[in-house]
$ cat work_39.txt   # compact mmCIF, C-alpha atoms and all ligand atoms
# COMPACT_ATOMS: atom_id res chain seq x y z
CA MET O 1 160.71 132.06 122.51
CA ASP O 2 164.29 132.85 121.54
CA LEU O 3 164.82 135.65 124.01
CA TYR O 4 166.97 133.47 126.26
CA SER O 5 169.76 131.03 125.56
CA GLY O 6 168.84 127.46 124.76
CA HIS O 7 170.21 126.35 128.12
CA ILE O 8 168.08 128.80 130.03
CA ASN O 9 165.01 127.80 128.07
CA LYS O 10 165.65 124.17 128.89
CA LEU O 11 166.11 124.96 132.58
CA ILE O 12 162.87 126.96 132.64
CA GLU O 13 161.07 124.10 130.93
CA GLU O 14 162.33 121.53 133.47
CA LEU O 15 161.45 123.72 136.44
CA ALA O 16 158.00 124.54 135.06
CA ALA O 17 157.28 120.81 134.87
CA LEU O 18 157.51 120.58 138.68
CA PRO O 19 154.23 120.63 140.65
CA GLY O 20 153.09 124.06 141.79
CA ILE O 21 155.62 125.91 139.64
CA GLY O 22 154.14 128.04 136.90
CA ASN O 23 156.05 129.52 134.00
CA LYS O 24 156.73 132.79 135.83
CA SER O 25 158.15 131.07 138.91
CA ALA O 26 160.20 128.80 136.67
CA GLN O 27 161.75 131.83 134.99
CA ARG O 28 162.49 133.48 138.31
CA LEU O 29 164.09 130.29 139.67
CA ALA O 30 166.10 129.73 136.50
CA PHE O 31 167.66 133.19 136.66
CA HIS O 32 168.24 132.81 140.37
CA LEU O 33 170.09 129.52 139.77
CA ILE O 34 172.21 131.03 136.99
CA ASN O 35 173.25 133.86 139.31
CA MET O 36 174.10 131.56 142.21
CA PRO O 37 177.78 130.81 143.01
CA ASN O 38 179.07 127.64 141.31
CA ASP O 39 179.61 125.69 144.51
CA LYS O 40 176.04 126.29 145.66
CA VAL O 41 174.62 125.12 142.35
CA GLN O 42 176.84 122.01 142.52
CA ARG O 43 175.63 121.30 146.05
CA LEU O 44 171.99 121.65 145.06
CA ALA O 45 172.42 119.41 142.02
CA SER O 46 174.24 116.70 143.94
CA THR O 47 171.71 116.86 146.79
CA ILE O 48 168.94 116.14 144.30
CA VAL O 49 170.84 113.26 142.70
CA GLU O 50 171.87 111.78 146.08
CA ALA O 51 168.34 111.97 147.43
CA LYS O 52 167.03 110.26 144.34
CA GLU O 53 169.66 107.52 144.55
CA ASN O 54 169.40 106.84 148.27
CA VAL O 55 165.77 107.27 149.16
CA ARG O 56 163.72 104.09 148.94
CA TYR O 57 160.47 102.58 150.17
CA CYS O 58 160.37 101.13 153.68
CA LYS O 59 160.03 97.36 153.32
CA GLU O 60 157.09 97.32 155.70
CA CYS O 61 155.07 100.52 155.37
CA TYR O 62 156.35 101.86 152.02
CA THR O 63 157.10 105.32 153.31
CA LEU O 64 160.14 107.03 151.80
CA THR O 65 163.24 106.43 153.89
CA ASP O 66 167.03 106.15 153.76
CA ARG O 67 167.01 102.67 155.33
CA ASP O 68 165.49 99.28 154.56
CA VAL O 69 163.02 99.76 157.39
CA CYS O 70 161.91 103.25 158.43
CA PRO O 71 162.38 104.49 162.04
CA VAL O 72 158.66 104.05 162.84
CA CYS O 73 158.55 100.41 161.70
CA ALA O 74 161.90 99.70 163.36
CA ASN O 75 160.58 100.97 166.72
CA LYS O 76 159.58 98.02 168.90
CA ASN O 77 157.61 100.26 171.23
CA ARG O 78 155.10 101.12 168.51
CA ASN O 79 151.94 99.05 168.23
CA HIS O 80 152.52 97.05 165.05
CA GLY O 81 148.96 95.72 165.15
CA LEU O 82 147.55 99.18 164.53
CA ILE O 83 148.02 100.31 160.93
CA MET O 84 147.09 103.79 159.73
CA VAL O 85 146.67 104.02 155.98
CA VAL O 86 147.75 107.37 154.51
CA GLU O 87 148.10 108.65 150.96
CA ASN O 88 151.70 109.79 151.14
CA THR O 89 154.80 110.30 153.27
CA ARG O 90 153.85 113.93 153.98
CA ASP O 91 150.62 112.75 155.63
CA LEU O 92 152.62 110.30 157.72
CA ALA O 93 154.89 113.16 158.79
CA ALA O 94 151.84 115.25 159.77
CA TYR O 95 150.58 112.50 162.11
CA GLU O 96 154.06 111.87 163.46
CA LYS O 97 154.31 115.55 164.37
CA THR O 98 151.39 115.15 166.78
CA GLY O 99 153.56 112.69 168.74
CA LYS O 100 150.40 110.98 169.97
CA TYR O 101 149.94 108.14 167.52
CA GLU O 102 151.45 104.86 168.72
CA GLY O 103 150.71 102.56 165.81
CA VAL O 104 152.47 102.14 162.48
CA TYR O 105 151.52 103.30 158.98
CA HIS O 106 150.90 102.10 155.47
CA VAL O 107 151.67 104.58 152.72
CA LEU O 108 149.64 104.16 149.53
CA HIS O 109 151.50 106.70 147.38
CA GLY O 110 148.34 108.04 145.85
CA ALA O 111 144.61 107.55 145.86
CA ILE O 112 142.15 105.89 143.51
CA SER O 113 141.02 108.36 140.86
CA PRO O 114 138.96 107.09 137.94
CA MET O 115 139.22 110.59 136.43
CA LEU O 116 143.00 110.48 136.36
CA GLY O 117 143.03 106.82 135.43
CA ILE O 118 144.55 105.77 138.77
CA GLY O 119 143.15 102.39 139.75
CA PRO O 120 143.61 100.16 142.82
CA GLY O 121 146.58 98.48 141.11
CA ASP O 122 148.44 101.78 140.83
CA ILE O 123 148.76 102.39 144.57
CA LYS O 124 150.23 100.20 147.33
CA LEU O 125 147.03 98.26 148.07
CA LYS O 126 148.31 94.76 147.30
CA GLU O 127 151.07 95.45 149.80
CA LEU O 128 148.48 96.42 152.42
CA ILE O 129 146.60 93.15 151.93
CA GLN O 130 149.86 91.28 152.37
CA ARG O 131 150.45 92.99 155.70
CA LEU O 132 147.05 91.88 156.93
CA GLN O 133 148.32 88.29 157.03
CA GLY O 134 150.20 89.26 160.19
CA GLN O 135 148.77 90.17 163.60
CA VAL O 136 146.60 93.19 162.86
CA GLU O 137 144.01 94.52 165.32
CA GLU O 138 142.84 97.56 163.43
CA VAL O 139 143.31 99.40 160.17
CA ILE O 140 142.65 103.14 160.39
CA ILE O 141 141.93 104.71 157.02
CA ALA O 142 143.30 108.25 157.05
CA THR O 143 143.11 109.13 153.38
CA ASN O 144 142.12 112.72 152.56
CA SER O 145 138.50 113.80 152.54
CA SER O 146 138.73 114.60 148.82
CA LEU O 147 136.67 112.59 146.33
CA GLU O 148 139.72 110.42 145.61
CA GLY O 149 140.45 109.94 149.30
CA GLU O 150 136.85 108.92 150.03
CA THR O 151 136.76 106.56 147.05
CA THR O 152 139.96 104.94 148.27
CA ALA O 153 138.64 104.68 151.84
CA MET O 154 135.48 102.97 150.63
CA TYR O 155 137.45 100.57 148.48
CA ILE O 156 139.78 99.62 151.34
CA GLY O 157 136.86 99.26 153.75
CA LYS O 158 135.12 96.81 151.44
CA MET O 159 138.36 94.95 150.87
CA ILE O 160 139.16 94.49 154.57
CA LYS O 161 135.68 93.88 156.00
CA PRO O 162 135.48 90.19 154.99
CA THR O 163 138.75 89.47 156.83
CA GLY O 164 137.10 90.34 160.15
CA ILE O 165 139.85 92.84 160.99
CA LYS O 166 138.49 96.03 162.56
CA VAL O 167 138.56 98.85 160.02
CA THR O 168 137.91 102.49 160.92
CA ARG O 169 137.77 105.83 159.12
CA ILE O 170 139.08 109.05 160.68
CA ALA O 171 136.38 111.58 161.54
CA SER O 172 135.55 114.14 158.91
CA GLY O 173 136.72 117.09 161.00
CA VAL O 174 139.24 117.37 158.22
CA PRO O 175 138.16 120.04 155.73
CA VAL O 176 136.90 118.68 152.42
CA GLY O 177 139.65 118.49 149.88
CA GLY O 178 142.17 119.59 152.49
CA ASP O 179 145.56 118.03 152.26
CA LEU O 180 146.33 116.36 155.57
CA GLU O 181 149.71 118.01 155.81
CA TYR O 182 148.20 121.49 156.07
CA ILE O 183 145.90 120.63 158.93
CA ASP O 184 146.93 121.53 162.46
CA GLU O 185 147.81 118.86 164.99
CA VAL O 186 144.72 119.38 167.15
CA THR O 187 142.42 118.78 164.18
CA LEU O 188 144.39 115.69 163.21
CA LEU O 189 144.17 114.25 166.71
CA ARG O 190 140.45 114.99 166.89
CA ALA O 191 139.94 113.24 163.55
CA LEU O 192 141.91 110.25 164.80
CA GLU O 193 140.14 110.03 168.15
CA GLY O 194 136.73 110.43 166.54
CA ARG O 195 137.26 107.64 164.06
CA THR O 196 134.30 105.38 163.41
CA GLU O 197 134.06 101.75 162.41
CA LEU O 198 133.21 101.04 158.79
ZN ZN O 201 158.08 101.80 157.67
$ encode --input "work_39.txt" --output "structure tokens" --more "lines below"
Ligand code: ZN
Amino acid sequence: MDLYSGHINKLIEELAALPGIGNKSAQRLAFHLINMPNDKVQRLASTIVEAKENVRYCKECYTLTDRDVCPVCANKNRNHGLIMVVENTRDLAAYEKTGKYEGVYHVLHGAISPMLGIGPGDIKLKELIQRLQGQVEEVIIATNSSLEGETTAMYIGKMIKPTGIKVTRIASGVPVGGDLEYIDEVTLLRALEGRTEL
């Protein structure tokens, strides 16, 4: 399509490659950006670059953070023997919003999906096993109730069982296929409280 300038086409292409942004939204955003004042565009661009350069994985739980160790892991009042395994940082944030969970987390950054070619080695599972060398009372598996989330939960359950560490799965009050981040706090707490041993 040669209707737009090459630069606009490139911008549309880059935006359309982002998750959840179709071609129409990409076009709308591209024109919006072009019409924005220069300083605002500069600020947006540098915010993206700075975030990318400064955000890293927490050394302990692998959530995304600005520091070596995230605020949850750095908090001595949290129960470090209780580890909740979640798929991503957004899920961690959803549980943190309830304000009721006192343990720490482990962020996998994905879930096992044979269909998408994502295997156990592609998510932070090795790192989870390493953490189990420490004093761990219980591992709560809070992956989504999607096929991938369930596959991952089963895999982790089987992996941890032989160690003798208690391993539980959150209750399936969470809608099938529902992303944890969209679920209200009451449902999350109910799922957590109703967890069962694997
Ligand atoms: Zn952490």
$ atom_distance --input "work_39.txt" --atom1 "atom CA of Thr168 of chain O" --atom2 "atom CA of Lys126 of chain O"
18.8 Å
$ residues_near_ligand --input "work_39.txt" --ligand "ligand ZN 201 (chain O)" --cutoff "12 Å" --atoms "all atoms listed in the file" --output "PyMOL selection string"
chain O and resi 56-76+78+80+83-85+89+92-93+103-108+131
$ closest_residue --input "work_39.txt" --among "O:Ile156, O:Ser145, O:Lys161, O:Val86" --to "Pro120 of chain O" --atoms "only C-alpha atoms"
O:Ile156
$ axis_aligned_box --input "work_39.txt" --around "segment 158-171 of chain O" --padding-each-side "8 Å" --output "lines of an AutoDock Vina configuration file"
center_x = 137.5
center_y = 100.5
center_z = 156.7
size_x = 20.7
size_y = 38.1
size_z = 27.7
$ atom_distance --input "work_39.txt" --atom1 "atom CA of Glu148 of chain O" --atom2 "atom CA of Gly81 of chain O"
26.1 Å
$ atom_distance --input "work_39.txt" --atom1 "atom CA of Thr98 of chain O" --atom2 "atom CA of Val167 of chain O"
21.8 Å
$ closest_residue --input "work_39.txt" --among "O:Val41, O:Ile160, O:Ile118, O:Asn77" --to "Gln130 of chain O" --atoms "all atoms listed in the file"
O:Ile160
$ residues_around --input "work_39.txt" --residues "Ile165 of chain O" --least-positions-apart "6" --cutoff "12 Å" --atoms "all atoms listed in the file" --output "MDAnalysis selection string"
chainID O and resid 81:83 129 131:140 156:159 197:198
$ closest_residue --input "work_39.txt" --among "O:Leu188, O:Leu44, O:Ala17, O:Ala142" --to "Lys100 of chain O" --atoms "all atoms listed in the file"
O:Leu188
$ residues_around --input "work_39.txt" --residues "Tyr101 of chain O" --least-positions-apart "4" --cutoff "9 Å" --atoms "all atoms listed in the file" --output "MDAnalysis selection string"
chainID O and resid 78 95:96 189 192
$ build_atoms --input "work_39.txt" --residues "segment 150-172 of chain O" --atoms "N, CA, C and O atoms" --output "PDB file, keeping the file's coordinate frame"
ATOM      1  N   GLU O 150     138.054 109.628 149.587  1.00  0.00           N
ATOM      2  CA  GLU O 150     136.850 108.920 150.030  1.00  0.00           C
ATOM      3  C   GLU O 150     136.649 107.639 149.215  1.00  0.00           C
ATOM      4  O   GLU O 150     136.270 106.604 149.757  1.00  0.00           O
ATOM      5  N   THR O 151     136.885 107.737 147.920  1.00  0.00           N
ATOM      6  CA  THR O 151     136.760 106.560 147.050  1.00  0.00           C
ATOM      7  C   THR O 151     137.713 105.471 147.516  1.00  0.00           C
ATOM      8  O   THR O 151     137.350 104.292 147.627  1.00  0.00           O
ATOM      9  N   THR O 152     138.943 105.884 147.822  1.00  0.00           N
ATOM     10  CA  THR O 152     139.960 104.940 148.270  1.00  0.00           C
ATOM     11  C   THR O 152     139.567 104.321 149.615  1.00  0.00           C
ATOM     12  O   THR O 152     139.718 103.117 149.817  1.00  0.00           O
ATOM     13  N   ALA O 153     139.046 105.166 150.518  1.00  0.00           N
ATOM     14  CA  ALA O 153     138.640 104.680 151.840  1.00  0.00           C
ATOM     15  C   ALA O 153     137.548 103.623 151.707  1.00  0.00           C
ATOM     16  O   ALA O 153     137.584 102.579 152.353  1.00  0.00           O
ATOM     17  N   MET O 154     136.584 103.909 150.825  1.00  0.00           N
ATOM     18  CA  MET O 154     135.480 102.970 150.630  1.00  0.00           C
ATOM     19  C   MET O 154     135.994 101.645 150.073  1.00  0.00           C
ATOM     20  O   MET O 154     135.592 100.575 150.503  1.00  0.00           O
ATOM     21  N   TYR O 155     136.883 101.761 149.119  1.00  0.00           N
ATOM     22  CA  TYR O 155     137.450 100.570 148.480  1.00  0.00           C
ATOM     23  C   TYR O 155     138.189  99.712 149.521  1.00  0.00           C
ATOM     24  O   TYR O 155     137.991  98.501 149.589  1.00  0.00           O
ATOM     25  N   ILE O 156     139.011 100.353 150.330  1.00  0.00           N
ATOM     26  CA  ILE O 156     139.780  99.620 151.340  1.00  0.00           C
ATOM     27  C   ILE O 156     138.845  98.995 152.371  1.00  0.00           C
ATOM     28  O   ILE O 156     139.026  97.847 152.784  1.00  0.00           O
ATOM     29  N   GLY O 157     137.832  99.762 152.773  1.00  0.00           N
ATOM     30  CA  GLY O 157     136.860  99.260 153.750  1.00  0.00           C
ATOM     31  C   GLY O 157     136.228  97.966 153.269  1.00  0.00           C
ATOM     32  O   GLY O 157     136.181  96.972 153.997  1.00  0.00           O
ATOM     33  N   LYS O 158     135.784  97.998 152.024  1.00  0.00           N
ATOM     34  CA  LYS O 158     135.120  96.810 151.440  1.00  0.00           C
ATOM     35  C   LYS O 158     136.093  95.646 151.335  1.00  0.00           C
ATOM     36  O   LYS O 158     135.709  94.495 151.475  1.00  0.00           O
ATOM     37  N   MET O 159     137.341  95.970 151.065  1.00  0.00           N
ATOM     38  CA  MET O 159     138.360  94.950 150.870  1.00  0.00           C
ATOM     39  C   MET O 159     138.701  94.261 152.199  1.00  0.00           C
ATOM     40  O   MET O 159     138.937  93.061 152.243  1.00  0.00           O
ATOM     41  N   ILE O 160     138.723  95.037 153.280  1.00  0.00           N
ATOM     42  CA  ILE O 160     139.160  94.490 154.570  1.00  0.00           C
ATOM     43  C   ILE O 160     138.033  93.838 155.356  1.00  0.00           C
ATOM     44  O   ILE O 160     138.247  92.856 156.052  1.00  0.00           O
ATOM     45  N   LYS O 161     136.832  94.395 155.227  1.00  0.00           N
ATOM     46  CA  LYS O 161     135.680  93.880 156.000  1.00  0.00           C
ATOM     47  C   LYS O 161     135.596  92.357 156.078  1.00  0.00           C
ATOM     48  O   LYS O 161     135.490  91.804 157.181  1.00  0.00           O
ATOM     49  N   PRO O 162     135.641  91.647 154.945  1.00  0.00           N
ATOM     50  CA  PRO O 162     135.480  90.190 154.990  1.00  0.00           C
ATOM     51  C   PRO O 162     136.549  89.478 155.820  1.00  0.00           C
ATOM     52  O   PRO O 162     136.340  88.347 156.251  1.00  0.00           O
ATOM     53  N   THR O 163     137.688  90.124 156.069  1.00  0.00           N
ATOM     54  CA  THR O 163     138.750  89.470 156.830  1.00  0.00           C
ATOM     55  C   THR O 163     138.426  89.459 158.325  1.00  0.00           C
ATOM     56  O   THR O 163     139.079  88.757 159.099  1.00  0.00           O
ATOM     57  N   GLY O 164     137.453  90.275 158.731  1.00  0.00           N
ATOM     58  CA  GLY O 164     137.100  90.340 160.150  1.00  0.00           C
ATOM     59  C   GLY O 164     137.979  91.284 160.944  1.00  0.00           C
ATOM     60  O   GLY O 164     137.751  91.511 162.129  1.00  0.00           O
ATOM     61  N   ILE O 165     138.977  91.876 160.295  1.00  0.00           N
ATOM     62  CA  ILE O 165     139.850  92.840 160.990  1.00  0.00           C
ATOM     63  C   ILE O 165     139.067  94.143 161.136  1.00  0.00           C
ATOM     64  O   ILE O 165     138.363  94.574 160.222  1.00  0.00           O
ATOM     65  N   LYS O 166     139.188  94.767 162.310  1.00  0.00           N
ATOM     66  CA  LYS O 166     138.490  96.030 162.560  1.00  0.00           C
ATOM     67  C   LYS O 166     139.021  97.102 161.607  1.00  0.00           C
ATOM     68  O   LYS O 166     140.240  97.288 161.484  1.00  0.00           O
ATOM     69  N   VAL O 167     138.120  97.792 160.930  1.00  0.00           N
ATOM     70  CA  VAL O 167     138.560  98.850 160.020  1.00  0.00           C
ATOM     71  C   VAL O 167     137.784 100.126 160.330  1.00  0.00           C
ATOM     72  O   VAL O 167     136.568 100.120 160.435  1.00  0.00           O
ATOM     73  N   THR O 168     138.534 101.217 160.541  1.00  0.00           N
ATOM     74  CA  THR O 168     137.910 102.490 160.920  1.00  0.00           C
ATOM     75  C   THR O 168     138.317 103.589 159.957  1.00  0.00           C
ATOM     76  O   THR O 168     139.309 103.483 159.248  1.00  0.00           O
ATOM     77  N   ARG O 169     137.506 104.662 159.966  1.00  0.00           N
ATOM     78  CA  ARG O 169     137.770 105.830 159.120  1.00  0.00           C
ATOM     79  C   ARG O 169     137.908 107.030 160.049  1.00  0.00           C
ATOM     80  O   ARG O 169     137.080 107.188 160.954  1.00  0.00           O
ATOM     81  N   ILE O 170     138.931 107.865 159.832  1.00  0.00           N
ATOM     82  CA  ILE O 170     139.080 109.050 160.680  1.00  0.00           C
ATOM     83  C   ILE O 170     137.866 109.951 160.512  1.00  0.00           C
ATOM     84  O   ILE O 170     137.225 109.966 159.465  1.00  0.00           O
ATOM     85  N   ALA O 171     137.542 110.702 161.558  1.00  0.00           N
ATOM     86  CA  ALA O 171     136.380 111.580 161.540  1.00  0.00           C
ATOM     87  C   ALA O 171     136.567 112.664 160.492  1.00  0.00           C
ATOM     88  O   ALA O 171     137.687 113.037 160.162  1.00  0.00           O
ATOM     89  N   SER O 172     135.437 113.156 159.982  1.00  0.00           N
ATOM     90  CA  SER O 172     135.550 114.140 158.910  1.00  0.00           C
ATOM     91  C   SER O 172     135.648 115.560 159.451  1.00  0.00           C
ATOM     92  O   SER O 172     135.038 116.469 158.944  1.00  0.00           O
TER      93      SER O 172
END
